[in-house]
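Trainee: Pasting a structure here, questions to come.
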Amino acid sequence: MNKIKTIIEALCYLLVKLGKADKIHLVKLMYLADKYHLMNYGRTITGDDFIAIGHGPAGSKTMDVLEYDPYVLGNLEKQAGELFIKGDGHAYLPGQNCSPHNLEMLSATDVEALNFSIEYFGKQDQWDVVEYTHSLPEWKRYEKLFQKGLTKREDIRLIDVLSNPQDKYFNISPDHLKISCEIAMGSFD
């Protein structure tokens, strides 16, 4: 349940910094922050289950939290409603209690990863971010299935999220990435 609380707080943090954001943009920003954190520190922020969908890779629990899914939120439904609210259309806004000073679940490195996502992808159009995520190796492996209409959803393994696109956003040294992989997979000595 703590990871759901972390997702809620991370969404609040993104919304405080952005003012408002569309659902798909929030899902992408969270995914890219998780990827950054995993590649740099060997763990994700959210502990989410990652999936490939038509709009690229995403965190399934993040999507559920944004839908206020009572099964996923459990006793955190009220907190979610206080930290972010649904606006017009697909937009979300910070809730009445959404403040960076009220967020207790986010570590300094979590905030670093969220800031990375905001800095590089927060001001981009959501569809440009979707297009970028379609270039990531963990989505590319399923691209043909989506193009042919053979799937709507595929699980993404954590090891695949660690794939390094070596672009202007993600360019981790092989030695550092090896250590992050070992930490993430539980084989670090």
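Following the order of the structure tokens, chains are lettered A, B, ..., residues in each are numbered from 1, and ligands are numbered from 1.
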Residues within 6 Å of region 154-160 of chain A, please, as a VMD selection string. Count only C-alpha atoms; anything in the same chain fewer than 6 positions from it doesn't count.
Mentor: chain A and resid 50 to 52 138
Trainee: Just want the 7 Å neighbourhood of region 31-46 of chain A, counted on only C-alpha atoms, with same-chain residues fewer than 4 positions away dropped. Output as a ChimeraX atom specification.
Mentor: /A:3,6-7,27,58-59,110,113-114,116-117,161-162,177,180-181,183-184
Trainee: Residues within 12 Å of Asp64 (chain A), please, as a ChimeraX atom specification. Count only C-alpha atoms; anything in the same chain fewer than 6 positions from it doesn't count.
Mentor: /A:4,7-8,23,27,48-49,58,70-74,77,80
Trainee: If I take CA of Pro137 (chain A) and CA of Pro165 (chain A), how far is one from the other in Å, to one decimal?
Mentor: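 Going from CA of Pro137 (chain A) over to CA of Pro165 (chain A), I get 6.7 Å.
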Trainee: Separation of CA of Val65 (chain A) and CA of Asn164 (chain A), in Å?
Mentor: 27.7 Å
Trainee: Using only C-alpha atoms, which protein or nucleic acid residues come within 9 Å of Lys123 (chain A)? Drop anything in the same chain fewer than 4 positions from it, and give the result as a list in words.
Mentor: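 The contact residues come out as Leu18, Ile118 and Glu119 of chain A.
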Trainee: Suppose you want the space between CA of Phe84 (chain A) and CA of Cys12 (chain A); what is it in Å?
Mentor: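 Calculated distance between CA of Phe84 (chain A) and CA of Cys12 (chain A) is 5.9 Å.
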